[in-house]
file my_file_4.txt (compact mmCIF, C-alpha atoms and all ligand atoms)
# COMPACT_ATOMS: atom_id res chain seq x y z
CA MET A 283 77.01 113.89 89.19
CA THR A 284 76.56 117.03 87.13
CA ALA A 285 79.89 116.94 85.39
CA ILE A 286 78.87 119.20 82.55
CA ASN A 287 79.30 117.34 79.31
CA ARG A 288 81.17 119.88 77.23
CA ALA A 289 81.36 117.50 74.24
CA HIS A 290 78.08 118.90 72.83
CA GLY A 291 79.30 122.48 73.30
CA LEU A 292 76.17 123.66 75.12
CA THR A 293 76.49 125.69 78.31
CA ALA A 294 73.95 127.04 80.82
CA LYS A 295 73.85 130.31 78.89
CA ASP A 296 72.41 128.54 75.84
CA TYR A 297 69.25 127.77 77.82
CA LYS A 298 68.61 131.34 79.06
CA SER A 299 66.36 133.52 76.91
CA ALA A 300 66.85 137.22 76.29
CA LEU A 301 63.81 137.96 78.49
CA LYS A 302 64.85 139.52 81.79
CA PRO A 303 63.07 137.91 84.78
CA ILE A 304 60.67 140.24 86.57
CA TRP A 305 60.91 138.36 89.88
CA CYS A 306 61.63 140.48 92.97
CA PRO A 307 65.36 140.96 93.51
CA GLY A 308 66.46 138.13 95.80
CA CYS A 309 63.64 135.73 94.83
CA GLY A 310 64.79 132.11 95.07
CA ASP A 311 63.45 131.40 91.58
CA PHE A 312 66.54 133.10 90.06
CA GLY A 313 68.68 130.33 91.56
CA VAL A 314 66.26 127.69 90.32
CA LEU A 315 66.49 129.09 86.78
CA GLN A 316 70.27 128.99 87.00
CA SER A 317 70.24 125.41 88.30
CA ILE A 318 67.81 124.25 85.61
CA SER A 319 70.01 125.85 82.92
CA ARG A 320 73.07 124.09 84.34
CA ALA A 321 71.23 120.77 84.50
CA LEU A 322 70.09 121.15 80.90
CA ALA A 323 73.65 121.91 79.82
CA GLY A 324 74.71 118.74 81.64
CA VAL A 325 72.11 116.71 79.74
CA GLY A 326 72.98 118.44 76.48
CA ARG A 327 69.68 118.30 74.55
CA ALA A 328 69.30 121.25 72.18
CA PRO A 329 66.77 123.89 73.30
CA HIS A 330 64.43 123.09 70.38
CA GLU A 331 64.19 119.50 71.66
CA ILE A 332 62.82 120.66 75.01
CA ALA A 333 59.28 121.67 75.98
CA PHE A 334 58.87 123.52 79.27
CA VAL A 335 55.33 123.74 80.67
CA SER A 336 54.14 125.66 83.71
CA GLY A 337 50.93 126.75 85.39
CA ILE A 338 50.35 130.26 86.77
CA GLY A 339 52.31 131.99 89.51
CA CYS A 340 55.60 133.85 89.92
CA SER A 341 57.48 130.56 89.58
CA SER A 342 55.42 129.58 86.55
CA ARG A 343 57.03 132.40 84.57
CA ILE A 344 60.15 130.27 84.33
CA PRO A 345 59.66 128.71 80.86
CA GLY A 346 59.76 132.20 79.30
CA TYR A 347 63.22 132.74 80.72
CA THR A 348 64.59 129.71 78.92
CA THR A 349 65.22 129.05 75.24
CA ALA A 350 63.15 125.84 75.31
CA TYR A 351 59.65 125.81 73.83
CA GLY A 352 57.56 127.25 76.64
CA PHE A 353 53.91 127.09 77.67
CA ASN A 354 52.91 129.30 80.64
CA SER A 355 49.52 127.64 80.77
CA VAL A 356 46.58 127.62 83.20
CA HIS A 357 46.70 127.64 87.00
CA GLY A 358 47.05 124.06 88.22
CA ARG A 359 46.95 122.45 84.79
CA ALA A 360 50.61 122.18 83.82
CA LEU A 361 50.79 118.41 84.35
CA PRO A 362 47.91 117.38 82.05
CA ILE A 363 49.20 119.73 79.36
CA ALA A 364 52.73 118.38 79.67
CA GLN A 365 51.45 114.81 79.45
CA GLY A 366 49.60 115.65 76.23
CA ILE A 367 52.74 117.22 74.77
CA LYS A 368 54.87 114.20 75.66
CA LEU A 369 52.35 111.80 74.17
CA ALA A 370 52.06 113.82 70.97
CA ASN A 371 55.84 114.09 70.62
CA PRO A 372 57.63 111.48 72.77
CA ASP A 373 61.03 112.61 71.51
CA LEU A 374 60.76 115.93 73.36
CA LEU A 375 62.38 116.32 76.74
CA VAL A 376 59.47 117.65 78.80
CA LEU A 377 59.95 119.75 81.93
CA VAL A 378 57.06 120.91 84.09
CA ALA A 379 57.31 123.58 86.77
CA GLY A 380 55.22 125.77 89.05
CA GLY A 381 54.56 126.81 92.60
CA ASP A 382 53.36 124.84 95.58
CA GLY A 383 49.94 126.45 95.16
CA ASP A 384 49.81 125.54 91.49
CA GLY A 385 50.96 121.97 92.14
CA PHE A 386 49.41 120.98 95.45
CA SER A 387 46.37 123.21 95.79
CA ILE A 388 44.43 123.77 92.57
CA GLY A 389 46.53 121.22 90.66
CA GLY A 390 46.85 118.68 93.48
CA GLY A 391 44.40 116.27 91.89
CA HIS A 392 46.58 115.88 88.81
CA VAL A 393 49.71 114.80 90.67
CA PRO A 394 48.65 111.22 91.57
CA HIS A 395 47.47 110.58 88.02
CA ALA A 396 50.67 111.86 86.46
CA ILE A 397 52.58 109.59 88.84
CA ARG A 398 50.56 106.44 88.19
CA ARG A 399 50.63 107.08 84.42
CA ASN A 400 54.40 107.50 84.64
CA LEU A 401 55.16 109.51 81.54
CA ASP A 402 58.80 110.47 81.22
CA LEU A 403 58.50 114.00 82.70
CA THR A 404 60.44 116.04 85.23
CA TYR A 405 58.22 118.02 87.58
CA ILE A 406 59.91 120.83 89.52
CA VAL A 407 57.89 122.56 92.24
CA MET A 408 59.19 125.87 93.55
CA ASP A 409 57.91 125.49 97.07
CA ASN A 410 57.96 128.90 98.81
CA GLN A 411 55.11 128.00 101.20
CA ILE A 412 53.08 131.02 100.07
CA TYR A 413 51.05 132.35 97.13
CA GLY A 414 53.59 134.81 95.73
CA LEU A 415 51.93 136.17 92.61
CA THR A 416 48.67 137.03 94.38
CA LYS A 417 50.55 138.76 97.19
CA GLY A 418 51.02 136.47 100.11
CA GLN A 419 48.04 134.27 100.91
CA LEU A 420 48.29 130.86 102.59
CA SER A 421 49.45 128.07 100.34
CA PRO A 422 49.03 124.33 100.85
CA THR A 423 52.57 124.04 102.25
CA SER A 424 52.40 127.07 104.59
CA PRO A 425 53.36 125.98 108.09
CA LYS A 426 50.67 125.81 110.76
CA GLY A 427 50.52 129.05 112.73
CA LEU A 428 51.81 131.22 109.85
CA PRO A 429 50.19 134.65 109.77
CA THR A 430 49.53 135.77 106.19
CA VAL A 431 47.18 138.22 104.49
CA SER A 432 44.58 135.45 104.46
CA SER A 433 45.32 134.14 107.97
CA SER A 434 45.82 137.21 110.15
CA TYR A 435 45.85 135.16 113.36
CA GLY A 436 47.98 132.34 111.95
CA SER A 437 47.10 129.35 109.82
CA ILE A 438 45.04 126.71 111.59
CA GLU A 439 45.65 124.06 108.91
CA ASP A 440 48.32 121.37 108.74
CA PRO A 441 50.50 121.76 105.64
CA VAL A 442 50.66 119.30 102.76
CA ASN A 443 53.93 117.36 102.73
CA PRO A 444 54.88 117.32 99.01
CA LEU A 445 57.61 114.71 99.47
CA LEU A 446 55.39 112.21 101.27
CA TYR A 447 52.57 112.95 98.84
CA VAL A 448 54.53 111.89 95.76
CA LEU A 449 56.34 109.03 97.51
CA ALA A 450 53.03 107.62 98.71
CA TYR A 451 51.63 107.66 95.17
CA GLY A 452 54.66 105.74 93.90
CA ALA A 453 56.83 108.31 92.08
CA GLY A 454 59.98 106.61 90.79
CA PHE A 455 62.28 109.56 91.50
CA VAL A 456 61.90 112.05 94.35
CA ALA A 457 64.44 114.69 95.34
CA GLN A 458 64.69 118.01 97.11
CA GLY A 459 66.96 121.01 96.72
CA THR A 460 67.31 124.68 97.53
CA PRO A 461 68.92 127.58 95.67
CA ALA A 462 71.05 127.97 98.82
CA ASP A 463 73.06 125.14 97.21
CA MET A 464 72.79 125.76 93.47
CA ALA A 465 75.33 123.12 92.47
CA GLY A 466 73.48 120.49 94.52
CA LEU A 467 70.18 121.63 93.04
CA ALA A 468 71.54 121.42 89.48
CA ASP A 469 72.75 117.89 90.24
CA VAL A 470 69.36 116.61 91.41
CA ILE A 471 67.56 118.30 88.53
CA GLU A 472 69.95 116.72 86.04
CA GLU A 473 69.44 113.34 87.68
CA ALA A 474 65.68 113.83 87.58
CA ILE A 475 65.82 114.65 83.86
CA ARG A 476 67.91 111.56 83.19
CA PHE A 477 65.53 109.32 85.17
CA PRO A 478 63.31 107.42 82.72
CA GLY A 479 59.83 108.13 84.10
CA PHE A 480 57.99 110.65 86.25
CA ALA A 481 60.54 112.48 88.38
CA PHE A 482 59.74 115.02 91.08
CA VAL A 483 62.01 117.70 92.53
CA ASN A 484 60.75 119.81 95.41
CA VAL A 485 62.74 123.04 95.51
CA GLN A 486 62.48 125.10 98.65
CA SER A 487 62.69 128.39 96.79
CA PRO A 488 62.36 131.43 99.05
CA CYS A 489 59.82 134.19 98.43
CA ILE A 490 61.75 137.15 99.77
CA THR A 491 58.74 139.46 99.67
CA PHE A 492 55.97 137.44 101.33
CA GLY A 493 57.71 134.30 102.64
CA HIS A 494 58.34 133.56 106.30
CA GLU A 495 61.73 133.96 107.92
CA ASP A 496 62.52 130.26 108.15
CA SER A 497 62.01 129.84 104.41
CA GLN A 498 64.81 132.26 103.44
CA LEU A 499 68.20 131.42 101.93
CA LYS A 500 70.18 132.41 105.02
CA HIS A 501 68.20 129.96 107.15
CA HIS A 502 68.46 127.25 104.48
CA LYS A 503 72.24 127.60 104.47
CA GLU A 504 72.30 127.14 108.24
CA ILE A 505 70.08 124.08 108.43
CA LEU A 506 70.44 122.12 105.18
CA GLN A 507 71.73 118.58 105.43
CA THR A 508 72.51 116.48 102.40
CA LEU A 509 70.96 113.04 102.36
CA ALA A 510 74.34 111.71 101.24
CA SER A 511 75.88 112.96 104.49
CA LEU A 512 73.30 110.86 106.36
CA ASN A 513 74.32 107.79 104.30
CA HIS A 514 70.75 107.52 103.07
CA ASP A 515 70.21 104.70 100.59
CA PRO A 516 68.01 106.21 97.82
CA SER A 517 66.85 102.76 96.68
CA ASN A 518 65.05 102.30 100.02
CA ARG A 519 61.57 103.75 99.65
CA LEU A 520 60.55 103.25 103.27
CA ALA A 521 63.71 104.96 104.52
CA ALA A 522 62.91 107.80 102.08
CA MET A 523 59.39 108.10 103.54
CA ASP A 524 60.80 108.15 107.02
CA LEU A 525 63.11 111.06 106.16
CA ALA A 526 60.39 112.82 104.17
CA GLN A 527 58.30 113.03 107.34
CA GLU A 528 60.73 115.68 108.55
CA TYR A 529 59.52 118.08 105.84
CA GLY A 530 58.86 121.42 107.55
CA THR A 531 61.26 120.74 110.42
CA LYS A 532 64.49 119.64 108.67
CA LEU A 533 65.82 120.59 105.26
CA TYR A 534 67.19 117.48 103.61
CA THR A 535 68.60 117.88 100.13
CA GLY A 536 69.46 115.29 97.51
CA VAL A 537 67.72 112.18 96.26
CA PHE A 538 65.16 110.67 98.63
CA TYR A 539 64.18 107.87 96.29
CA ARG A 540 65.28 106.51 92.94
CA ARG A 541 63.52 103.32 91.87
CA PRO A 542 66.32 100.85 91.15
CA GLU A 543 64.46 99.28 88.24
CA PRO A 544 62.34 102.00 86.65
CA SER A 545 58.89 100.85 85.50
CA ALA A 546 57.85 101.07 81.85
CA THR A 547 56.66 104.55 80.98
CA TYR A 548 53.18 105.27 79.65
CA ASP A 549 54.66 106.85 76.51
CA ALA A 550 56.69 103.70 75.76
CA LEU A 551 53.68 101.43 76.40
CA ALA A 552 51.44 103.63 74.25
CA ARG A 553 53.94 103.41 71.37
CA GLU A 554 54.08 99.62 71.71
CA ARG A 555 50.30 99.43 71.68
CA GLN A 556 50.17 101.64 68.60
CA LYS A 557 52.59 99.33 66.78
CA GLU A 558 50.57 96.28 67.80
CA LEU A 559 47.31 97.79 66.64
CA ALA A 560 48.59 99.50 63.49
CA PRO A 561 47.98 96.47 61.20
CA LYS A 562 44.38 96.22 62.44
CA ALA A 563 43.69 99.94 62.20
CA LEU A 564 41.13 101.17 59.69
CA PRO A 565 42.42 103.69 57.11
CA ARG A 566 41.51 107.25 58.02
CA GLU A 567 39.07 107.52 55.08
CA ARG A 568 37.12 104.47 56.30
CA ILE A 569 36.85 105.94 59.78
CA LEU A 570 35.58 109.20 58.31
CA GLU A 571 33.08 107.34 56.15
CA ARG A 572 31.76 105.47 59.18
CA PHE A 573 31.65 108.62 61.23
CA LEU A 574 29.78 110.59 58.58
CA ALA A 575 27.43 107.77 57.58
CA LYS A 576 23.80 108.52 58.29
C1 LIG A 601 41.79 129.30 88.10
C2 LIG A 601 42.60 130.33 88.83
N1 LIG A 601 42.43 130.48 90.14
C3 LIG A 601 43.16 131.40 90.83
C4 LIG A 601 44.09 132.15 90.17
C5 LIG A 601 44.87 133.20 90.95
N2 LIG A 601 46.21 132.75 91.20
C6 LIG A 601 47.23 133.05 90.35
S1 LIG A 601 48.68 132.46 90.86
C7 LIG A 601 48.00 131.84 92.26
C8 LIG A 601 48.83 131.12 93.30
C9 LIG A 601 50.28 131.41 93.22
O1 LIG A 601 50.99 130.63 94.15
P1 LIG A 601 51.95 129.48 93.71
O2 LIG A 601 51.32 128.57 92.73
O3 LIG A 601 52.46 128.82 94.93
O4 LIG A 601 53.12 130.21 92.91
P2 LIG A 601 54.08 131.41 93.33
O5 LIG A 601 53.46 132.67 92.81
O6 LIG A 601 54.22 131.42 94.81
O7 LIG A 601 55.35 131.08 92.64
C10 LIG A 601 46.62 132.08 92.31
C11 LIG A 601 45.74 131.64 93.42
C12 LIG A 601 44.24 131.94 88.79
N3 LIG A 601 45.14 132.62 88.08
N4 LIG A 601 43.50 131.03 88.14
S1 LIG A 602 56.50 137.73 95.17
FE1 LIG A 602 57.84 136.18 96.05
S2 LIG A 602 57.75 134.44 94.62
FE2 LIG A 602 56.98 136.26 93.56
S3 LIG A 602 58.76 137.11 92.50
FE3 LIG A 602 58.57 138.15 94.47
S4 LIG A 602 59.92 137.01 95.84
FE4 LIG A 602 59.53 135.70 94.07

call {"tool": "encode", "arguments": {"input": "my_file_4.txt", "output": "structure tokens"}}
result
Amino acid sequence: MTAINRAHGLTAKDYKSALKPIWCPGCGDFGVLQSISRALAGVGRAPHEIAFVSGIGCSSRIPGYTTAYGFNSVHGRALPIAQGIKLANPDLLVLVAGGDGDGFSIGGGHVPHAIRRNLDLTYIVMDNQIYGLTKGQLSPTSPKGLPTVSSSYGSIEDPVNPLLYVLAYGAGFVAQGTPADMAGLADVIEEAIRFPGFAFVNVQSPCITFGHEDSQLKHHKEILQTLASLNHDPSNRLAAMDLAQEYGTKLYTGVFYRRPEPSATYDALARERQKELAPKALPRERILERFLAK
């Protein structure tokens, strides 16, 4: 789908900042940055019309490497901040990104609320199944049995399944990609951006320094299967949940679920409500008077 729309004259390069990424050579996040830049060029919004919010982690550095307005915020709090930005300025295209730790550990409680509120945001999780920035501790998506610096004898916990998590809470768009297929990843990110409502893209983005063997690009290339090749119907939520159960054993890429008739977004409903209430609203001075009255 990504046919890059050259009519607006913007290319992937226009979305890359002059800042040189300090990720380890070979980190999957380089490919994610490239795919996001390509997707943005496909959509064609000017960089100053885009706000890119992240939490804290290696992956959360990503807004700084783009020419969009960027906010490398607080660990686990990217989603509430992004929602505030979108509500304050609904015309902005708002992207949110971070790691699996940022999104499903410390920030896990925000995900269901962002989904049920359904603001028009695109949330990209760089899922490397490890805490990269803090040097290789267990993350919520680490596979059971994985030895890490915080689980010397292997993890004894079941991992979170990010795909099932967001599908179960009712996200209208759910996809997965890997930098092992950058064109495919750019396609799903572009589709997510174009989806009117909360859209989630899980990117299996290898941590070459602390990640396990099965999470590396070479392995991804060997095992990835596109959902299109399985003739998956992305309008079928139950079929999507069925396939999502294979997270951790199979690597399916593409769109798991796209709600055929997207629900009204919170930002659109809030604007409607504002219009409705505007004639009844007190002038600012009257509110101040009431507030300051003894
Ligand atoms: C409130 C708070 N708790 C803990 C940390 C330490 N911390 C920074 S990043 C991080 C996790 C990084 O893992 P992830 O979010 O998966 O991103 P990655 O570095 O792997 O891209 C942690 C625990 C912090 N910065 N702030
Ligand atoms: S530690 Fe891992 S996630 Fe962080 S930059 Fe290096 S390879 Fe990437």

call {"tool": "closest_residue", "arguments": {"input": "my_file_4.txt", "among": "A:Leu420, A:Ala323, A:Ala370, A:Ile475", "to": "ligand LIG 601 (chain A)", "atoms": "all atoms listed in the file"}}
result
A:Leu420

call {"tool": "closest_atom_pairs", "arguments": {"input": "my_file_4.txt", "of": "range 429-456 of chain A", "to": "range 484-500 of chain A", "cutoff": "10 Å", "atoms": "only C-alpha atoms", "output": "tab-separated table"}}
result
residue	atom	partner	partner_atom	distance
A:Pro429	CA	A:His494	CA	8.9
A:Thr430	CA	A:Phe492	CA	8.2
A:Val431	CA	A:Phe492	CA	9.4
A:Pro444	CA	A:Asn484	CA	7.3
A:Leu445	CA	A:Asn484	CA	7.2
A:Val456	CA	A:Asn484	CA	7.9

call {"tool": "closest_residue", "arguments": {"input": "my_file_4.txt", "among": "A:Ile569, A:Ile332, A:Cys340, A:Ala481", "to": "ligand LIG 601 (chain A)", "atoms": "only C-alpha atoms and all ligand atoms"}}
result
A:Cys340

call {"tool": "residues_near_ligand", "arguments": {"input": "my_file_4.txt", "ligand": "ligand LIG 602 (chain A)", "cutoff": "8 Å", "atoms": "all atoms listed in the file", "output": "ChimeraX atom specification"}}
result
/A:304-311,339-341,410,412-418,488-493

call {"tool": "axis_aligned_box", "arguments": {"input": "my_file_4.txt", "around": "range 394-411 of chain A", "padding_each_side": "3 Å", "output": "AutoDock Vina command-line options"}}
result
--center_x 54.0 --center_y 117.7 --center_z 91.2 --size_x 19.0 --size_y 28.5 --size_z 26.0

call {"tool": "atom_distance", "arguments": {"input": "my_file_4.txt", "atom1": "CA of His395 in chain A", "atom2": "CA of Leu369 in chain A"}}
result
14.7 Å

call {"tool": "atom_distance", "arguments": {"input": "my_file_4.txt", "atom1": "CA of Asp402 in chain A", "atom2": "CA of Ala560 in chain A"}}
result
23.2 Å

call {"tool": "residues_around", "arguments": {"input": "my_file_4.txt", "residues": "Pro394 in chain A", "least_positions_apart": "5", "cutoff": "10 Å", "atoms": "all atoms listed in the file", "output": "PDB file with C-alpha atoms, in the coordinates of the input"}}
result
ATOM      1  CA  ARG A 399      50.630 107.080  84.420  1.00  0.00           C
ATOM      2  CA  ASN A 400      54.400 107.500  84.640  1.00  0.00           C
ATOM      3  CA  TYR A 447      52.570 112.950  98.840  1.00  0.00           C
ATOM      4  CA  VAL A 448      54.530 111.890  95.760  1.00  0.00           C
ATOM      5  CA  LEU A 449      56.340 109.030  97.510  1.00  0.00           C
ATOM      6  CA  ALA A 450      53.030 107.620  98.710  1.00  0.00           C
ATOM      7  CA  TYR A 451      51.630 107.660  95.170  1.00  0.00           C
ATOM      8  CA  GLY A 452      54.660 105.740  93.900  1.00  0.00           C
ATOM      9  CA  ALA A 453      56.830 108.310  92.080  1.00  0.00           C
TER      10      ALA A 453
END

call {"tool": "closest_residue", "arguments": {"input": "my_file_4.txt", "among": "A:Ile406, A:Leu377, A:Ile438, A:Ile318", "to": "ligand LIG 601 (chain A)", "atoms": "all atoms listed in the file"}}
result
A:Ile406

call {"tool": "decode", "arguments": {"input": "my_file_4.txt", "residues": "range 410-484 of chain A", "atoms": "C-alpha atoms", "output": "compact mmCIF listing (two decimals), in the first residue's frame"}}
result
# COMPACT_ATOMS: atom_id res chain seq x y z
CA ASN A 410 12.95 -6.40 21.73
CA GLN A 411 11.86 -8.60 24.67
CA ILE A 412 14.47 -7.02 26.95
CA TYR A 413 15.27 -3.79 28.81
CA GLY A 414 17.95 -2.42 26.48
CA LEU A 415 18.82 0.96 27.97
CA THR A 416 19.35 -0.42 31.48
CA LYS A 417 21.54 -3.22 30.14
CA GLY A 418 19.57 -6.37 29.68
CA GLN A 419 17.05 -7.08 32.43
CA LEU A 420 13.85 -9.09 31.92
CA SER A 421 11.07 -7.21 30.18
CA PRO A 422 7.36 -8.02 30.15
CA THR A 423 7.67 -9.75 26.78
CA SER A 424 10.82 -11.79 27.58
CA PRO A 425 10.15 -15.44 26.85
CA LYS A 426 9.81 -17.87 29.76
CA GLY A 427 13.15 -19.50 30.53
CA LEU A 428 15.24 -16.58 29.24
CA PRO A 429 18.40 -16.04 31.27
CA THR A 430 19.14 -12.32 31.70
CA VAL A 431 21.11 -10.20 34.15
CA SER A 432 18.01 -10.18 36.35
CA SER A 433 17.09 -13.85 35.82
CA SER A 434 20.36 -15.77 35.95
CA TYR A 435 18.59 -19.15 35.99
CA GLY A 436 15.98 -18.21 33.38
CA SER A 437 12.75 -16.27 33.64
CA ILE A 438 10.00 -18.08 35.51
CA GLU A 439 7.25 -15.72 34.30
CA ASP A 440 4.96 -16.04 31.30
CA PRO A 441 5.40 -13.14 28.88
CA VAL A 442 2.77 -10.52 28.10
CA ASN A 443 1.30 -10.97 24.62
CA PRO A 444 1.10 -7.37 23.29
CA LEU A 445 -1.06 -8.31 20.31
CA LEU A 446 -3.69 -10.12 22.36
CA TYR A 447 -3.54 -7.38 24.99
CA VAL A 448 -4.55 -4.61 22.59
CA LEU A 449 -7.00 -6.77 20.63
CA ALA A 450 -8.76 -7.78 23.83
CA TYR A 451 -9.18 -4.13 24.85
CA GLY A 452 -10.76 -3.33 21.49
CA ALA A 453 -8.06 -1.50 19.48
CA GLY A 454 -9.40 -0.66 16.02
CA PHE A 455 -6.12 -1.31 14.21
CA VAL A 456 -3.50 -3.88 15.21
CA ALA A 457 -0.47 -4.85 13.14
CA GLN A 458 2.99 -6.33 13.51
CA GLY A 459 6.24 -5.89 11.62
CA THR A 460 9.97 -6.39 11.83
CA PRO A 461 12.91 -4.43 10.42
CA ALA A 462 13.83 -7.72 8.71
CA ASP A 463 11.19 -6.56 6.19
CA MET A 464 11.47 -2.78 6.15
CA ALA A 465 9.13 -2.25 3.20
CA GLY A 466 6.45 -4.36 4.89
CA LEU A 467 7.00 -2.48 8.14
CA ALA A 468 6.71 0.91 6.40
CA ASP A 469 3.45 -0.28 4.83
CA VAL A 470 1.81 -1.24 8.13
CA ILE A 471 3.01 1.94 9.83
CA GLU A 472 1.58 4.04 7.00
CA GLU A 473 -1.70 2.15 7.24
CA ALA A 474 -1.74 2.65 11.00
CA ILE A 475 -1.20 6.40 10.59
CA ARG A 476 -4.01 6.59 8.05
CA PHE A 477 -6.40 4.65 10.32
CA PRO A 478 -8.78 7.11 12.01
CA GLY A 479 -8.44 6.13 15.68
CA PHE A 480 -6.04 4.39 18.04
CA ALA A 481 -3.72 2.21 15.98
CA PHE A 482 -1.11 -0.17 17.38
CA VAL A 483 1.96 -1.57 15.64
CA ASN A 484 4.09 -4.12 17.45
